[in-house]
file start-v4.pdb (PDB, C-alpha atoms, pLDDT in the B column)
ATOM      1  CA  MET X   1      -8.608 -27.189   1.163  1.00 89.00           C
ATOM      2  CA  GLU X   2      -4.865 -27.680   1.634  1.00 91.00           C
ATOM      3  CA  ALA X   3      -4.161 -25.916  -1.670  1.00 93.00           C
ATOM      4  CA  PHE X   4      -6.224 -22.913  -0.573  1.00 94.00           C
ATOM      5  CA  LEU X   5      -4.432 -22.721   2.780  1.00 94.00           C
ATOM      6  CA  GLU X   6      -1.084 -22.735   0.973  1.00 93.00           C
ATOM      7  CA  GLN X   7      -2.365 -20.032  -1.378  1.00 92.00           C
ATOM      8  CA  LEU X   8      -3.552 -18.018   1.614  1.00 92.00           C
ATOM      9  CA  LYS X   9      -0.033 -17.971   3.068  1.00 89.00           C
ATOM     10  CA  GLY X  10       1.078 -16.005   0.026  1.00 85.00           C
ATOM     11  CA  TYR X  11      -1.259 -13.153   0.962  1.00 86.00           C
ATOM     12  CA  ARG X  12      -0.034 -12.763   4.557  1.00 83.00           C
ATOM     13  CA  HIS X  13       1.634  -9.451   3.781  1.00 75.00           C
ATOM     14  CA  LEU X  14      -1.450  -8.004   2.077  1.00 81.00           C
ATOM     15  CA  ILE X  15      -4.241  -8.734   4.544  1.00 86.00           C
ATOM     16  CA  ASN X  16      -4.418  -8.206   8.278  1.00 85.00           C
ATOM     17  CA  LYS X  17      -4.216 -10.967  10.859  1.00 87.00           C
ATOM     18  CA  GLN X  18      -7.912 -11.024  11.670  1.00 94.00           C
ATOM     19  CA  GLN X  19      -8.891 -11.396   8.019  1.00 93.00           C
ATOM     20  CA  LEU X  20      -6.297 -14.149   7.609  1.00 93.00           C
ATOM     21  CA  LYS X  21      -7.607 -16.044  10.636  1.00 96.00           C
ATOM     22  CA  THR X  22     -11.208 -15.641   9.490  1.00 97.00           C
ATOM     23  CA  LEU X  23     -10.489 -16.988   6.011  1.00 96.00           C
ATOM     24  CA  ARG X  24      -8.409 -19.854   7.404  1.00 96.00           C
ATOM     25  CA  GLY X  25     -11.156 -20.817   9.844  1.00 97.00           C
ATOM     26  CA  GLN X  26     -13.763 -20.652   7.126  1.00 96.00           C
ATOM     27  CA  ALA X  27     -11.691 -22.970   4.914  1.00 96.00           C
ATOM     28  CA  LEU X  28     -11.017 -25.408   7.765  1.00 96.00           C
ATOM     29  CA  ALA X  29     -14.753 -25.515   8.493  1.00 97.00           C
ATOM     30  CA  GLY X  30     -15.301 -26.736   4.937  1.00 95.00           C
ATOM     31  CA  ASP X  31     -16.454 -23.564   3.182  1.00 96.00           C
ATOM     32  CA  VAL X  32     -13.484 -23.228   0.821  1.00 96.00           C
ATOM     33  CA  GLU X  33     -15.510 -21.532  -1.921  1.00 96.00           C
ATOM     34  CA  GLY X  34     -16.781 -18.940   0.537  1.00 96.00           C
ATOM     35  CA  ALA X  35     -13.231 -18.347   1.761  1.00 96.00           C
ATOM     36  CA  ARG X  36     -12.031 -17.864  -1.831  1.00 95.00           C
ATOM     37  CA  LYS X  37     -14.812 -15.375  -2.474  1.00 95.00           C
ATOM     38  CA  GLY X  38     -13.939 -13.542   0.753  1.00 95.00           C
ATOM     39  CA  LEU X  39     -10.269 -13.396  -0.223  1.00 93.00           C
ATOM     40  CA  GLN X  40     -11.145 -11.881  -3.591  1.00 92.00           C
ATOM     41  CA  LYS X  41     -13.357  -9.310  -1.915  1.00 93.00           C
ATOM     42  CA  ILE X  42     -10.629  -8.359   0.561  1.00 90.00           C
ATOM     43  CA  LEU X  43      -8.021  -8.060  -2.171  1.00 87.00           C
ATOM     44  CA  SER X  44     -10.279  -5.898  -4.325  1.00 87.00           C
ATOM     45  CA  ARG X  45     -10.791  -3.311  -1.572  1.00 87.00           C
ATOM     46  CA  LYS X  46      -8.622  -0.234  -1.310  1.00 87.00           C
ATOM     47  CA  MET X  47      -6.141  -0.567   1.554  1.00 87.00           C
ATOM     48  CA  SER X  48      -5.954   2.261   4.083  1.00 89.00           C
ATOM     49  CA  LYS X  49      -2.612   3.956   4.710  1.00 92.00           C
ATOM     50  CA  ARG X  50      -2.606   2.521   8.235  1.00 91.00           C
ATOM     51  CA  ASP X  51      -3.029  -1.009   6.888  1.00 88.00           C
ATOM     52  CA  MET X  52      -0.293  -0.404   4.303  1.00 90.00           C
ATOM     53  CA  PHE X  53       2.177   0.486   7.040  1.00 93.00           C
ATOM     54  CA  ILE X  54       1.108  -2.374   9.296  1.00 91.00           C
ATOM     55  CA  ASN X  55       1.409  -4.919   6.492  1.00 87.00           C
ATOM     56  CA  ALA X  56       4.765  -3.530   5.338  1.00 90.00           C
ATOM     57  CA  HIS X  57       6.007  -3.775   8.935  1.00 92.00           C
ATOM     58  CA  ARG X  58       4.773  -7.353   9.274  1.00 88.00           C
ATOM     59  CA  GLY X  59       6.415  -8.297   5.975  1.00 86.00           C
ATOM     60  CA  ALA X  60       9.737  -6.765   6.993  1.00 89.00           C
ATOM     61  CA  ARG X  61       9.688  -8.532  10.357  1.00 88.00           C
ATOM     62  CA  TYR X  62       8.781 -11.842   8.713  1.00 83.00           C
ATOM     63  CA  THR X  63      11.538 -11.529   6.113  1.00 83.00           C
ATOM     64  CA  LYS X  64      14.112 -10.696   8.757  1.00 84.00           C
ATOM     65  CA  ALA X  65      13.085 -13.527  11.059  1.00 83.00           C
ATOM     66  CA  ARG X  66      12.568 -16.156   8.385  1.00 81.00           C
ATOM     67  CA  TYR X  67      15.268 -15.581   5.805  1.00 80.00           C
ATOM     68  CA  MET X  68      17.876 -13.005   6.666  1.00 76.00           C
ATOM     69  CA  LYS X  69      18.807 -12.409  10.271  1.00 78.00           C
ATOM     70  CA  ASP X  70      21.213  -9.605   9.385  1.00 82.00           C
ATOM     71  CA  VAL X  71      18.923  -7.753   6.942  1.00 83.00           C
ATOM     72  CA  ASP X  72      18.435  -4.028   7.436  1.00 88.00           C
ATOM     73  CA  TYR X  73      14.894  -3.639   8.760  1.00 90.00           C
ATOM     74  CA  SER X  74      14.365  -0.119   7.420  1.00 92.00           C
ATOM     75  CA  ALA X  75      15.441  -1.102   3.904  1.00 91.00           C
ATOM     76  CA  GLN X  76      13.174  -4.157   3.910  1.00 91.00           C
ATOM     77  CA  PHE X  77      10.302  -2.058   5.274  1.00 94.00           C
ATOM     78  CA  ALA X  78      10.782   0.464   2.450  1.00 94.00           C
ATOM     79  CA  LEU X  79      10.780  -2.314  -0.161  1.00 92.00           C
ATOM     80  CA  ASN X  80       7.598  -3.835   1.256  1.00 91.00           C
ATOM     81  CA  LEU X  81       5.880  -0.456   1.361  1.00 92.00           C
ATOM     82  CA  LYS X  82       6.854   0.234  -2.252  1.00 93.00           C
ATOM     83  CA  TYR X  83       5.520  -3.189  -3.261  1.00 90.00           C
ATOM     84  CA  ILE X  84       2.199  -2.553  -1.505  1.00 89.00           C
ATOM     85  CA  HIS X  85       1.854   0.900  -3.098  1.00 89.00           C
ATOM     86  CA  LYS X  86       2.421  -0.592  -6.554  1.00 89.00           C
ATOM     87  CA  LEU X  87      -0.197  -3.263  -5.931  1.00 85.00           C
ATOM     88  CA  GLU X  88      -2.688  -0.609  -4.826  1.00 87.00           C
ATOM     89  CA  LYS X  89      -1.994   1.398  -7.987  1.00 86.00           C
ATOM     90  CA  MET X  90      -2.482  -1.703 -10.117  1.00 84.00           C
ATOM     91  CA  LYS X  91      -5.829  -2.412  -8.420  1.00 80.00           C
ATOM     92  CA  ALA X  92      -6.950   1.172  -8.978  1.00 78.00           C
ATOM     93  CA  GLY X  93      -5.724   1.252 -12.584  1.00 76.00           C
ATOM     94  CA  ASP X  94      -3.694   4.419 -11.949  1.00 66.00           C
ATOM     95  CA  LEU X  95      -0.605   3.387 -13.898  1.00 56.00           C
ATOM     96  CA  ASN X  96      -1.607   4.920 -17.266  1.00 59.00           C
ATOM     97  CA  GLY X  97      -0.347   2.012 -19.340  1.00 51.00           C
ATOM     98  CA  GLN X  98       2.993   1.684 -17.535  1.00 55.00           C
ATOM     99  CA  THR X  99       4.364  -1.771 -16.946  1.00 51.00           C
ATOM    100  CA  VAL X 100       5.102  -2.590 -13.354  1.00 47.00           C
ATOM    101  CA  LYS X 101       7.908  -4.840 -12.218  1.00 51.00           C
ATOM    102  CA  VAL X 102       7.180  -5.980  -8.698  1.00 45.00           C
ATOM    103  CA  ASN X 103       9.901  -8.000  -6.996  1.00 46.00           C
ATOM    104  CA  THR X 104       8.537 -10.544  -4.574  1.00 38.00           C
TER     105      THR X 104
END
call {"tool": "encode", "arguments": {"input": "start-v4.pdb", "output": "C-alpha coordinates"}}
result
Amino acid sequence: MEAFLEQLKGYRHLINKQQLKTLRGQALAGDVEGARKGLQKILSRKMSKRDMFINAHRGARYTKARYMKDVDYSAQFALNLKYIHKLEKMKAGDLNGQTVKVNT
(Lines of atoms letter the chains of each structure in order from A and count residues from 1; the text may use other names and numbers.)
(Lines give C-alpha, C1' and ligand atoms only; values in the text may rest on other atoms or scores of the structure.)
Protein backbone atom coordinates (compact mmCIF):
# COMPACT_ATOMS: atom_id res chain seq x y z
CA MET A 1 0.00 0.00 0.00
CA GLU A 2 2.76 2.45 0.90
CA ALA A 3 4.50 1.81 -2.43
CA PHE A 4 1.29 2.58 -4.32
CA LEU A 5 0.76 5.81 -2.38
CA GLU A 6 4.30 6.89 -3.23
CA GLN A 7 3.68 5.99 -6.88
CA LEU A 8 0.44 7.97 -6.80
CA LYS A 9 2.31 11.12 -5.76
CA GLY A 10 4.15 10.99 -9.07
CA TYR A 11 0.87 11.42 -10.95
CA ARG A 12 -0.30 14.52 -9.07
CA HIS A 13 0.25 16.74 -12.09
CA LEU A 14 -1.66 14.45 -14.45
CA ILE A 15 -4.89 13.75 -12.57
CA ASN A 16 -7.25 16.11 -10.80
CA LYS A 17 -7.56 16.43 -7.04
CA GLN A 18 -10.80 14.50 -6.74
CA GLN A 19 -9.42 11.53 -8.66
CA LEU A 20 -6.27 11.62 -6.53
CA LYS A 21 -8.27 11.65 -3.29
CA THR A 22 -10.53 8.85 -4.52
CA LEU A 23 -7.61 6.60 -5.45
CA ARG A 24 -5.80 7.37 -2.19
CA GLY A 25 -8.89 6.58 -0.14
CA GLN A 26 -9.45 3.37 -2.04
CA ALA A 27 -5.86 2.28 -1.36
CA LEU A 28 -6.07 3.22 2.33
CA ALA A 29 -9.28 1.19 2.61
CA GLY A 30 -7.33 -1.86 1.46
CA ASP A 31 -8.34 -2.10 -2.20
CA VAL A 32 -4.90 -1.42 -3.68
CA GLU A 33 -5.52 -3.53 -6.79
CA GLY A 34 -8.73 -1.64 -7.50
CA ALA A 35 -6.90 1.66 -7.04
CA ARG A 36 -4.19 0.54 -9.48
CA LYS A 37 -6.81 -0.43 -12.03
CA GLY A 38 -8.55 2.93 -11.54
CA LEU A 39 -5.27 4.79 -12.01
CA GLN A 40 -4.61 2.97 -15.27
CA LYS A 41 -8.10 3.78 -16.48
CA ILE A 42 -7.71 7.46 -15.62
CA LEU A 43 -4.33 7.67 -17.31
CA SER A 44 -5.61 5.99 -20.46
CA ARG A 45 -8.40 8.54 -20.95
CA LYS A 46 -7.96 11.59 -23.13
CA MET A 47 -7.52 14.72 -21.02
CA SER A 48 -9.74 17.70 -21.79
CA LYS A 49 -8.12 21.05 -22.57
CA ARG A 50 -9.55 22.44 -19.34
CA ASP A 51 -7.91 19.66 -17.32
CA MET A 52 -4.62 20.19 -19.17
CA PHE A 53 -4.54 23.83 -18.11
CA ILE A 54 -5.61 23.09 -14.54
CA ASN A 55 -2.97 20.40 -14.14
CA ALA A 56 -0.25 22.55 -15.73
CA HIS A 57 -1.19 25.36 -13.33
CA ARG A 58 -1.08 23.03 -10.33
CA GLY A 59 2.30 21.68 -11.42
CA ALA A 60 3.75 25.16 -11.85
CA ARG A 61 2.48 26.27 -8.44
CA TYR A 62 3.83 23.11 -6.81
CA THR A 63 7.24 23.50 -8.43
CA LYS A 64 7.47 27.12 -7.38
CA ALA A 65 6.40 26.45 -3.80
CA ARG A 66 8.38 23.26 -3.30
CA TYR A 67 11.65 23.75 -5.13
CA MET A 68 12.28 27.19 -6.53
CA LYS A 69 10.81 30.21 -4.82
CA ASP A 70 12.16 32.60 -7.45
CA VAL A 71 11.12 30.57 -10.52
CA ASP A 72 9.19 32.36 -13.26
CA TYR A 73 5.63 31.05 -13.00
CA SER A 74 4.75 31.62 -16.66
CA ALA A 75 7.83 29.75 -17.88
CA GLN A 76 7.15 26.82 -15.56
CA PHE A 77 3.49 26.79 -16.62
CA ALA A 78 4.54 26.65 -20.28
CA LEU A 79 6.92 23.76 -19.60
CA ASN A 80 4.25 21.81 -17.73
CA LEU A 81 1.71 22.40 -20.49
CA LYS A 82 4.20 21.23 -23.12
CA TYR A 83 4.91 18.11 -21.05
CA ILE A 84 1.20 17.32 -20.72
CA HIS A 85 0.62 17.83 -24.46
CA LYS A 86 3.46 15.42 -25.27
CA LEU A 87 2.04 12.81 -22.92
CA GLU A 88 -1.38 13.15 -24.55
CA LYS A 89 0.19 12.69 -27.99
CA MET A 90 2.06 9.62 -26.79
CA LYS A 91 -1.18 8.12 -25.42
CA ALA A 92 -2.97 8.81 -28.70
CA GLY A 93 -0.08 7.50 -30.82
CA ASP A 94 0.02 10.72 -32.87
CA LEU A 95 3.80 11.06 -33.00
CA ASN A 96 4.35 9.16 -36.29
CA GLY A 97 7.45 7.34 -35.10
CA GLN A 98 9.12 10.40 -33.56
CA THR A 99 11.04 9.96 -30.35
CA VAL A 100 9.91 12.16 -27.53
CA LYS A 101 12.21 13.55 -24.87
CA VAL A 102 10.12 14.61 -21.92
CA ASN A 103 11.96 16.39 -19.12
CA THR A 104 10.47 15.72 -15.73
call {"tool": "resolve_selection", "arguments": {"input": "start-v4.pdb", "expression": "the PyMOL selection byres ((chain X and resi 43) around 12)", "output": "PyMOL selection string"}}
result
chain X and resi 8+11-16+19-20+36-42+44-47+84+87-88+90-92
call {"tool": "closest_residue", "arguments": {"input": "start-v4.pdb", "among": "X:His85, X:Glu2, X:Asp51, X:Ala60", "to": "X:Val32", "atoms": "all atoms listed in the file"}}
result
X:Glu2
call {"tool": "resolve_selection", "arguments": {"input": "start-v4.pdb", "expression": "the PyMOL selection byres ((chain X and resi 83) around 12)", "output": "list in words"}}
result
His13, Leu14, Met52, Phe53, Asn55, Ala56, Gly59, Ala60, Gln76, Phe77, Ala78, Leu79, Asn80, Leu81, Lys82, Ile84, His85, Lys86, Leu87, Glu88, Lys89, Met90, Val100, Lys101, Val102, Asn103 and Thr104 of chain X
call {"tool": "write_last_selection", "arguments": {"input": "start-v4.pdb", "atoms": "C-alpha atoms", "output": "PDB file, in the coordinates of the input"}}
result
ATOM      1  CA  HIS X  13       1.634  -9.451   3.781  1.00 75.00           C
ATOM      2  CA  LEU X  14      -1.450  -8.004   2.077  1.00 81.00           C
ATOM      3  CA  MET X  52      -0.293  -0.404   4.303  1.00 90.00           C
ATOM      4  CA  PHE X  53       2.177   0.486   7.040  1.00 93.00           C
ATOM      5  CA  ASN X  55       1.409  -4.919   6.492  1.00 87.00           C
ATOM      6  CA  ALA X  56       4.765  -3.530   5.338  1.00 90.00           C
ATOM      7  CA  GLY X  59       6.415  -8.297   5.975  1.00 86.00           C
ATOM      8  CA  ALA X  60       9.737  -6.765   6.993  1.00 89.00           C
ATOM      9  CA  GLN X  76      13.174  -4.157   3.910  1.00 91.00           C
ATOM     10  CA  PHE X  77      10.302  -2.058   5.274  1.00 94.00           C
ATOM     11  CA  ALA X  78      10.782   0.464   2.450  1.00 94.00           C
ATOM     12  CA  LEU X  79      10.780  -2.314  -0.161  1.00 92.00           C
ATOM     13  CA  ASN X  80       7.598  -3.835   1.256  1.00 91.00           C
ATOM     14  CA  LEU X  81       5.880  -0.456   1.361  1.00 92.00           C
ATOM     15  CA  LYS X  82       6.854   0.234  -2.252  1.00 93.00           C
ATOM     16  CA  ILE X  84       2.199  -2.553  -1.505  1.00 89.00           C
ATOM     17  CA  HIS X  85       1.854   0.900  -3.098  1.00 89.00           C
ATOM     18  CA  LYS X  86       2.421  -0.592  -6.554  1.00 89.00           C
ATOM     19  CA  LEU X  87      -0.197  -3.263  -5.931  1.00 85.00           C
ATOM     20  CA  GLU X  88      -2.688  -0.609  -4.826  1.00 87.00           C
ATOM     21  CA  LYS X  89      -1.994   1.398  -7.987  1.00 86.00           C
ATOM     22  CA  MET X  90      -2.482  -1.703 -10.117  1.00 84.00           C
ATOM     23  CA  VAL X 100       5.102  -2.590 -13.354  1.00 47.00           C
ATOM     24  CA  LYS X 101       7.908  -4.840 -12.218  1.00 51.00           C
ATOM     25  CA  VAL X 102       7.180  -5.980  -8.698  1.00 45.00           C
ATOM     26  CA  ASN X 103       9.901  -8.000  -6.996  1.00 46.00           C
ATOM     27  CA  THR X 104       8.537 -10.544  -4.574  1.00 38.00           C
TER      28      THR X 104
END
call {"tool": "closest_residue", "arguments": {"input": "start-v4.pdb", "among": "X:Ile54, X:Ala65, X:Ala29, X:Leu23", "to": "X:Leu5", "atoms": "all atoms listed in the file"}}
result
X:Leu23
call {"tool": "atom_distance", "arguments": {"input": "start-v4.pdb", "atom1": "atom CA of X:Gly30", "atom2": "atom CA of X:Lys17"}}
result
20.2 Å
call {"tool": "decode", "arguments": {"input": "start-v4.pdb", "residues": "stretch 63-87 of chain X", "atoms": "N, CA and C atoms", "output": "mmCIF file, in the first residue's frame"}}
result
data_model
loop_
_atom_site.group_PDB
_atom_site.id
_atom_site.type_symbol
_atom_site.label_atom_id
_atom_site.label_comp_id
_atom_site.auth_asym_id
_atom_site.auth_seq_id
_atom_site.Cartn_x
_atom_site.Cartn_y
_atom_site.Cartn_z
ATOM 1 N N THR X 63 5.808 23.358 -8.190
ATOM 2 C CA THR X 63 7.244 23.496 -8.429
ATOM 3 C C THR X 63 7.775 24.763 -7.787
ATOM 4 N N LYS X 64 7.044 25.848 -7.951
ATOM 5 C CA LYS X 64 7.470 27.123 -7.378
ATOM 6 C C LYS X 64 7.502 27.058 -5.854
ATOM 7 N N ALA X 65 6.483 26.502 -5.262
ATOM 8 C CA ALA X 65 6.404 26.452 -3.803
ATOM 9 C C ALA X 65 7.393 25.465 -3.206
ATOM 10 N N ARG X 66 7.579 24.341 -3.872
ATOM 11 C CA ARG X 66 8.381 23.263 -3.303
ATOM 12 C C ARG X 66 9.883 23.424 -3.546
ATOM 13 N N TYR X 67 10.241 23.795 -4.762
ATOM 14 C CA TYR X 67 11.654 23.755 -5.126
ATOM 15 C C TYR X 67 12.290 25.106 -5.357
ATOM 16 N N MET X 68 11.639 25.942 -6.114
ATOM 17 C CA MET X 68 12.282 27.192 -6.529
ATOM 18 C C MET X 68 11.369 28.367 -6.238
ATOM 19 N N LYS X 69 11.659 29.083 -5.198
ATOM 20 C CA LYS X 69 10.812 30.214 -4.818
ATOM 21 C C LYS X 69 10.877 31.341 -5.843
ATOM 22 N N ASP X 70 12.002 31.485 -6.516
ATOM 23 C CA ASP X 70 12.164 32.598 -7.450
ATOM 24 C C ASP X 70 11.962 32.192 -8.908
ATOM 25 N N VAL X 71 11.340 31.047 -9.156
ATOM 26 C CA VAL X 71 11.117 30.574 -10.524
ATOM 27 C C VAL X 71 10.030 31.425 -11.192
ATOM 28 N N ASP X 72 10.172 31.617 -12.483
ATOM 29 C CA ASP X 72 9.190 32.356 -13.256
ATOM 30 C C ASP X 72 7.968 31.461 -13.467
ATOM 31 N N TYR X 73 6.835 31.871 -12.931
ATOM 32 C CA TYR X 73 5.631 31.047 -13.002
ATOM 33 C C TYR X 73 5.235 30.769 -14.444
ATOM 34 N N SER X 74 5.235 31.802 -15.285
ATOM 35 C CA SER X 74 4.747 31.618 -16.657
ATOM 36 C C SER X 74 5.634 30.655 -17.441
ATOM 37 N N ALA X 75 6.936 30.691 -17.199
ATOM 38 C CA ALA X 75 7.832 29.755 -17.880
ATOM 39 C C ALA X 75 7.593 28.328 -17.399
ATOM 40 N N GLN X 76 7.417 28.156 -16.102
ATOM 41 C CA GLN X 76 7.154 26.818 -15.560
ATOM 42 C C GLN X 76 5.807 26.294 -16.031
ATOM 43 N N PHE X 77 4.808 27.175 -16.116
ATOM 44 C CA PHE X 77 3.494 26.791 -16.616
ATOM 45 C C PHE X 77 3.601 26.303 -18.059
ATOM 46 N N ALA X 78 4.360 27.030 -18.880
ATOM 47 C CA ALA X 78 4.536 26.651 -20.285
ATOM 48 C C ALA X 78 5.224 25.297 -20.402
ATOM 49 N N LEU X 79 6.233 25.053 -19.577
ATOM 50 C CA LEU X 79 6.923 23.759 -19.596
ATOM 51 C C LEU X 79 5.986 22.619 -19.203
ATOM 52 N N ASN X 80 5.190 22.839 -18.171
ATOM 53 C CA ASN X 80 4.246 21.810 -17.730
ATOM 54 C C ASN X 80 3.190 21.536 -18.791
ATOM 55 N N LEU X 81 2.712 22.577 -19.446
ATOM 56 C CA LEU X 81 1.714 22.402 -20.489
ATOM 57 C C LEU X 81 2.289 21.630 -21.669
ATOM 58 N N LYS X 82 3.525 21.938 -22.030
ATOM 59 C CA LYS X 82 4.196 21.226 -23.122
ATOM 60 C C LYS X 82 4.363 19.743 -22.762
ATOM 61 N N TYR X 83 4.744 19.484 -21.528
ATOM 62 C CA TYR X 83 4.913 18.111 -21.049
ATOM 63 C C TYR X 83 3.590 17.344 -21.133
ATOM 64 N N ILE X 84 2.506 17.970 -20.701
ATOM 65 C CA ILE X 84 1.200 17.318 -20.723
ATOM 66 C C ILE X 84 0.753 17.062 -22.158
ATOM 67 N N HIS X 85 0.986 18.022 -23.053
ATOM 68 C CA HIS X 85 0.619 17.826 -24.463
ATOM 69 C C HIS X 85 1.385 16.651 -25.067
ATOM 70 N N LYS X 86 2.665 16.540 -24.747
ATOM 71 C CA LYS X 86 3.458 15.424 -25.273
ATOM 72 C C LYS X 86 2.954 14.090 -24.744
ATOM 73 N N LEU X 87 2.590 14.053 -23.479
ATOM 74 C CA LEU X 87 2.043 12.812 -22.917
ATOM 75 C C LEU X 87 0.735 12.429 -23.589
#
